[in-house]
Amino acid sequence: MEGIITLLIFLMIIAAIISLEIKDLLSSVVSLGAVGLILTLLFLLLQAPDVAIVQFVVEILSLVILIRATVVRDETIYNKKSFFLRLPIIFFVFVFLTIVGFSFKDLPSFGKPKYKLAEYYVNNTIKDTGAVDVVSAIILNYRAYDTLGEVVVLFTAILGAVLILRKIGKSNEKE
Amino acid sequence: MKKNSKNNSGMSLIVKTVTRWTILLIILYGLYITFFGHLGPGGGFAGGVIVVLSFIHIILAYGKDFVVRRINEYLASILETTGGLMFLSIAILGFATGIFFKDFLGQGKIFSLFSGGIILPANVAIMLKVGFGMLSAFLCLILFSLHKGE
């Protein structure tokens, strides 16, 4: 199981690098879709069907919007940097990977979570809420206040999108 | 509908026919995922996005003009705000009986559709909120390009 997951993660990294580096915009969007689909497979293998459904569906929606917004416009901005300008980036990535490599020793092993809070949810969800699905019970009953904040954030984001994308203002309509 | 299929807007006749046959199934699957969110995987977010993907399916297959005449962004924003207010009113009704987001409906029988208290109406509210919010953003992208072309 861990071998398959590692293979899928490497495929995902390769697809992400391709989508960053390729010049054709449509090919870039297609390889971005490959990243999302491999991520869906990973969630399914890790036994999280809730997250897999949401990832799959949102991936399709964002691909449609990306193809409509970027590929149809065909505005390519491509500036190539020289190797010496990329040296500090490579240096900081190296430092970051070193620190991450040291901190991997303290992480709990695969499939054995450190926090015991999840056991409470798995044992007591049906008794507390009457719902069978633990994820829905957590996001809509135990942590419903968090979901209310998420709803407000989404409302604000869409309000901003509508206000910015609207070409005709209210004052122009009356004239 | 036969009058519109003669127009050149949208995709070919094959795509339009397949869209006409599958669109209700897609909407039904979105509603199923929403209403059975407390009994299996899924929930309001995924269901709302699936319902909106069916609307986007119509937009892509039949062209802009077919859809903009029937669904405008005003209707979409009204439905979106209805979802947000439904979720907030569930919270405030719980506050009226005790605590904010208190489960005031009762648990019901396990494994039946009407169980889990406030989870089912909250799923429906989030479905309206997320789905029609995304639809109004997508409609704004389309209307913007319409005004730019004129």
# chains A, B, ... in the order shown; residues from 1 in each chain; ligands from 1

$ interface_residues --of "chain A" --to "chain B" --cutoff "6 Å" --atoms "only C-alpha atoms" --output "ChimeraX atom specification"
/A:49-50,54,129-133,136,140

$ residues_around --residues "Gln47 (chain A)" --least-positions-apart "6" --cutoff "12 Å" --atoms "only C-alpha atoms" --output "ChimeraX atom specification"
/A:1,40-41,53,111 /B:41

$ write_last_selection --atoms "C-alpha atoms" --output "compact mmCIF listing (two decimals), in the first residue's frame"
# COMPACT_ATOMS: atom_id res chain seq x y z
CA MET A 1 0.00 0.00 0.00
CA THR A 40 -8.39 11.91 -5.78
CA LEU A 41 -6.93 8.41 -6.18
CA ILE A 53 -15.71 13.33 -3.83
CA GLY A 111 -1.44 4.98 10.24
CA PRO B 41 -19.90 9.93 2.04

$ atom_distance --atom1 "CA of Lys114 (chain A)" --atom2 "CA of Glu150 (chain A)"
26.9 Å

$ closest_residue --among "B:Pro121, B:Gly94, B:Gly30, B:Gly10" --to "Tyr145 (chain A)" --atoms "only C-alpha atoms"
B:Gly94

$ closest_residue --among "B:Leu128, B:Ile99, B:Ile71, B:Ile27" --to "Ile59 (chain B)" --atoms "only C-alpha atoms"
B:Ile71

$ residues_around --residues "Gly33 (chain A)" --least-positions-apart "2" --cutoff "12 Å" --atoms "only C-alpha atoms" --output "VMD selection string"
chain A and resid 12 15 to 16 18 to 19 26 to 31 35 to 40 55 to 64 66 to 67

$ write_last_selection --atoms "N, CA and C atoms" --output "short mmCIF file (atom, residue, chain, number, x, y, z; two decimals), in the first residue's frame"
data_model
loop_
_atom_site.label_atom_id
_atom_site.label_comp_id
_atom_site.auth_asym_id
_atom_site.auth_seq_id
_atom_site.Cartn_x
_atom_site.Cartn_y
_atom_site.Cartn_z
N MET A 12 2.44 12.63 -9.22
CA MET A 12 1.81 13.93 -9.01
C MET A 12 2.84 15.04 -9.09
N ALA A 15 3.75 15.58 -12.74
CA ALA A 15 2.71 16.31 -13.47
C ALA A 15 2.70 17.78 -13.09
N ALA A 16 2.95 18.08 -11.81
CA ALA A 16 2.96 19.49 -11.38
C ALA A 16 4.13 20.22 -12.01
N ILE A 18 5.56 19.48 -14.87
CA ILE A 18 5.23 19.65 -16.30
C ILE A 18 4.29 20.83 -16.49
N SER A 19 3.26 20.92 -15.61
CA SER A 19 2.29 22.00 -15.78
C SER A 19 2.92 23.36 -15.49
N LEU A 26 -2.91 25.10 -22.85
CA LEU A 26 -3.88 24.00 -22.74
C LEU A 26 -3.23 22.76 -22.15
N SER A 27 -1.99 22.46 -22.55
CA SER A 27 -1.28 21.31 -21.99
C SER A 27 -1.02 21.51 -20.51
N SER A 28 -0.74 22.76 -20.13
CA SER A 28 -0.51 23.07 -18.71
C SER A 28 -1.76 22.79 -17.89
N VAL A 29 -2.92 23.21 -18.41
CA VAL A 29 -4.17 22.99 -17.68
C VAL A 29 -4.49 21.50 -17.60
N VAL A 30 -4.20 20.77 -18.68
CA VAL A 30 -4.48 19.33 -18.68
C VAL A 30 -3.61 18.60 -17.66
N SER A 31 -2.33 18.98 -17.56
CA SER A 31 -1.49 18.29 -16.57
C SER A 31 -1.84 18.72 -15.15
N VAL A 35 -2.84 16.23 -11.92
CA VAL A 35 -2.48 16.35 -10.50
C VAL A 35 -3.70 16.12 -9.62
N GLY A 36 -4.83 16.77 -9.99
CA GLY A 36 -6.03 16.63 -9.17
C GLY A 36 -6.59 15.23 -9.17
N LEU A 37 -6.55 14.56 -10.34
CA LEU A 37 -7.10 13.20 -10.40
C LEU A 37 -6.25 12.22 -9.60
N ILE A 38 -4.90 12.38 -9.65
CA ILE A 38 -4.05 11.50 -8.85
C ILE A 38 -4.28 11.75 -7.36
N LEU A 39 -4.54 13.03 -7.01
CA LEU A 39 -4.83 13.34 -5.61
C LEU A 39 -6.13 12.67 -5.17
N THR A 40 -7.15 12.62 -6.09
CA THR A 40 -8.39 11.91 -5.78
C THR A 40 -8.13 10.43 -5.52
N GLN A 55 -12.85 16.68 -3.77
CA GLN A 55 -11.67 17.00 -4.60
C GLN A 55 -11.96 16.78 -6.08
N PHE A 56 -12.62 15.67 -6.40
CA PHE A 56 -12.93 15.34 -7.80
C PHE A 56 -13.83 16.39 -8.43
N VAL A 57 -14.88 16.75 -7.68
CA VAL A 57 -15.89 17.66 -8.23
C VAL A 57 -15.34 19.08 -8.39
N VAL A 58 -14.62 19.54 -7.36
CA VAL A 58 -14.06 20.90 -7.42
C VAL A 58 -12.97 20.98 -8.48
N GLU A 59 -12.25 19.85 -8.68
CA GLU A 59 -11.23 19.82 -9.73
C GLU A 59 -11.86 20.03 -11.10
N ILE A 60 -13.00 19.35 -11.35
CA ILE A 60 -13.67 19.51 -12.65
C ILE A 60 -14.14 20.95 -12.84
N LEU A 61 -14.74 21.51 -11.78
CA LEU A 61 -15.26 22.89 -11.89
C LEU A 61 -14.12 23.87 -12.15
N SER A 62 -13.01 23.70 -11.42
CA SER A 62 -11.91 24.65 -11.60
C SER A 62 -11.25 24.46 -12.96
N LEU A 63 -11.24 23.22 -13.48
CA LEU A 63 -10.67 23.02 -14.82
C LEU A 63 -11.52 23.72 -15.88
N VAL A 64 -12.87 23.62 -15.73
CA VAL A 64 -13.74 24.30 -16.69
C VAL A 64 -13.51 25.80 -16.66
N LEU A 66 -10.84 27.37 -15.56
CA LEU A 66 -9.49 27.70 -16.04
C LEU A 66 -9.42 27.68 -17.55
N ILE A 67 -10.05 26.66 -18.17
CA ILE A 67 -10.01 26.60 -19.63
C ILE A 67 -10.75 27.78 -20.22
#

$ select_by_dssp --residues "region 33-116 of chain B" --states "helix (DSSP H, G or I)" --output "MDAnalysis selection string"
chainID B and resid 33:35 44:62 64:68 73:97

$ write_last_selection --atoms "N, CA and C atoms" --output "compact mmCIF listing (two decimals), in the first residue's frame"
# COMPACT_ATOMS: atom_id res chain seq x y z
N ILE B 33 -26.60 13.04 -3.13
CA ILE B 33 -25.41 13.22 -2.29
C ILE B 33 -25.69 14.22 -1.18
N THR B 34 -26.52 15.25 -1.50
CA THR B 34 -26.84 16.22 -0.47
C THR B 34 -27.71 15.63 0.63
N PHE B 35 -28.80 14.94 0.21
CA PHE B 35 -29.78 14.50 1.20
C PHE B 35 -29.33 13.29 1.99
N GLY B 44 -23.22 18.62 1.73
CA GLY B 44 -23.74 19.78 1.04
C GLY B 44 -22.79 20.37 0.04
N PHE B 45 -21.51 20.40 0.37
CA PHE B 45 -20.53 21.03 -0.52
C PHE B 45 -20.44 20.28 -1.85
N ALA B 46 -20.24 18.96 -1.77
CA ALA B 46 -20.09 18.17 -3.01
C ALA B 46 -21.39 18.18 -3.80
N GLY B 47 -22.54 18.06 -3.12
CA GLY B 47 -23.82 18.04 -3.82
C GLY B 47 -24.09 19.35 -4.54
N GLY B 48 -23.78 20.47 -3.87
CA GLY B 48 -23.99 21.76 -4.50
C GLY B 48 -23.13 21.95 -5.73
N VAL B 49 -21.86 21.49 -5.65
CA VAL B 49 -20.99 21.66 -6.81
C VAL B 49 -21.45 20.76 -7.95
N ILE B 50 -22.01 19.56 -7.64
CA ILE B 50 -22.49 18.68 -8.71
C ILE B 50 -23.71 19.30 -9.40
N VAL B 51 -24.63 19.88 -8.61
CA VAL B 51 -25.81 20.54 -9.20
C VAL B 51 -25.38 21.68 -10.12
N VAL B 52 -24.37 22.44 -9.67
CA VAL B 52 -23.92 23.56 -10.49
C VAL B 52 -23.19 23.09 -11.73
N LEU B 53 -22.49 21.94 -11.62
CA LEU B 53 -21.83 21.40 -12.82
C LEU B 53 -22.85 21.04 -13.88
N SER B 54 -24.07 20.63 -13.47
CA SER B 54 -25.09 20.36 -14.48
C SER B 54 -25.51 21.64 -15.19
N PHE B 55 -25.63 22.75 -14.43
CA PHE B 55 -25.98 24.02 -15.08
C PHE B 55 -24.87 24.46 -16.04
N ILE B 56 -23.60 24.26 -15.60
CA ILE B 56 -22.48 24.65 -16.46
C ILE B 56 -22.45 23.77 -17.71
N HIS B 57 -22.87 22.50 -17.54
CA HIS B 57 -23.01 21.58 -18.67
C HIS B 57 -23.97 22.16 -19.72
N ILE B 58 -25.12 22.67 -19.24
CA ILE B 58 -26.07 23.28 -20.18
C ILE B 58 -25.44 24.48 -20.86
N ILE B 59 -24.74 25.31 -20.06
CA ILE B 59 -24.14 26.53 -20.63
C ILE B 59 -23.14 26.17 -21.72
N LEU B 60 -22.30 25.14 -21.45
CA LEU B 60 -21.28 24.78 -22.44
C LEU B 60 -21.90 24.14 -23.67
N ALA B 61 -22.99 23.38 -23.49
CA ALA B 61 -23.54 22.66 -24.64
C ALA B 61 -24.42 23.55 -25.50
N TYR B 62 -25.23 24.39 -24.88
CA TYR B 62 -26.22 25.15 -25.65
C TYR B 62 -25.80 26.59 -25.94
N LYS B 64 -24.20 30.58 -24.70
CA LYS B 64 -24.54 31.58 -23.67
C LYS B 64 -25.98 32.05 -23.78
N ASP B 65 -26.42 32.33 -25.00
CA ASP B 65 -27.69 33.03 -25.16
C ASP B 65 -28.87 32.21 -24.69
N PHE B 66 -28.75 30.87 -24.86
CA PHE B 66 -29.83 29.98 -24.43
C PHE B 66 -30.05 30.07 -22.93
N VAL B 67 -28.93 30.21 -22.16
CA VAL B 67 -29.04 30.15 -20.71
C VAL B 67 -29.31 31.51 -20.11
N VAL B 68 -28.65 32.54 -20.64
CA VAL B 68 -28.76 33.87 -20.03
C VAL B 68 -30.20 34.37 -20.09
N GLU B 73 -28.17 36.25 -13.18
CA GLU B 73 -27.39 36.20 -11.95
C GLU B 73 -28.19 36.71 -10.76
N TYR B 74 -29.30 37.42 -11.03
CA TYR B 74 -30.14 37.90 -9.94
C TYR B 74 -30.81 36.72 -9.23
N LEU B 75 -31.36 35.78 -10.00
CA LEU B 75 -32.00 34.58 -9.41
C LEU B 75 -30.97 33.75 -8.66
N ALA B 76 -29.77 33.61 -9.25
CA ALA B 76 -28.73 32.80 -8.61
C ALA B 76 -28.31 33.42 -7.29
N SER B 77 -28.18 34.76 -7.26
CA SER B 77 -27.74 35.38 -6.00
C SER B 77 -28.83 35.32 -4.95
N ILE B 78 -30.11 35.36 -5.39
CA ILE B 78 -31.21 35.23 -4.41
C ILE B 78 -31.20 33.85 -3.78
N LEU B 79 -31.00 32.79 -4.61
CA LEU B 79 -30.96 31.43 -4.05
C LEU B 79 -29.76 31.25 -3.13
N GLU B 80 -28.62 31.86 -3.49
CA GLU B 80 -27.42 31.75 -2.67
C GLU B 80 -27.64 32.38 -1.30
N THR B 81 -28.25 33.58 -1.30
CA THR B 81 -28.49 34.25 -0.03
C THR B 81 -29.50 33.49 0.81
N THR B 82 -30.47 32.82 0.14
CA THR B 82 -31.42 31.98 0.87
C THR B 82 -30.70 30.87 1.63
N GLY B 83 -29.71 30.25 0.97
CA GLY B 83 -28.95 29.19 1.64
C GLY B 83 -28.20 29.71 2.85
N GLY B 84 -27.53 30.85 2.69
CA GLY B 84 -26.78 31.42 3.81
C GLY B 84 -27.68 31.76 4.97
N LEU B 85 -28.85 32.37 4.67
CA LEU B 85 -29.77 32.75 5.75
C LEU B 85 -30.38 31.52 6.41
N MET B 86 -30.58 30.43 5.61
CA MET B 86 -31.10 29.19 6.20
C MET B 86 -30.13 28.63 7.23
N PHE B 87 -28.83 28.63 6.87
CA PHE B 87 -27.83 28.10 7.80
C PHE B 87 -27.76 28.95 9.06
N LEU B 88 -27.83 30.28 8.89
CA LEU B 88 -27.78 31.17 10.06
C LEU B 88 -29.01 31.01 10.92
N SER B 89 -30.18 30.79 10.28
CA SER B 89 -31.41 30.67 11.07
C SER B 89 -31.44 29.34 11.82
N ILE B 90 -30.81 28.28 11.26
CA ILE B 90 -30.68 27.03 12.01
C ILE B 90 -29.89 27.27 13.29
N ALA B 91 -28.79 28.05 13.15
CA ALA B 91 -27.96 28.36 14.32
C ALA B 91 -28.75 29.16 15.34
N ILE B 92 -29.54 30.15 14.86
CA ILE B 92 -30.24 31.02 15.81
C ILE B 92 -31.42 30.29 16.45
N LEU B 93 -32.06 29.36 15.71
CA LEU B 93 -33.12 28.55 16.33
C LEU B 93 -32.55 27.68 17.44
N GLY B 94 -31.32 27.16 17.24
CA GLY B 94 -30.68 26.43 18.32
C GLY B 94 -30.39 27.34 19.50
N PHE B 95 -30.04 28.58 19.20
CA PHE B 95 -29.77 29.55 20.28
C PHE B 95 -31.03 29.86 21.06
N ALA B 96 -32.20 29.81 20.38
CA ALA B 96 -33.46 30.10 21.07
C ALA B 96 -33.80 28.99 22.05
N THR B 97 -33.36 27.74 21.76
CA THR B 97 -33.67 26.66 22.69
C THR B 97 -32.54 26.37 23.66
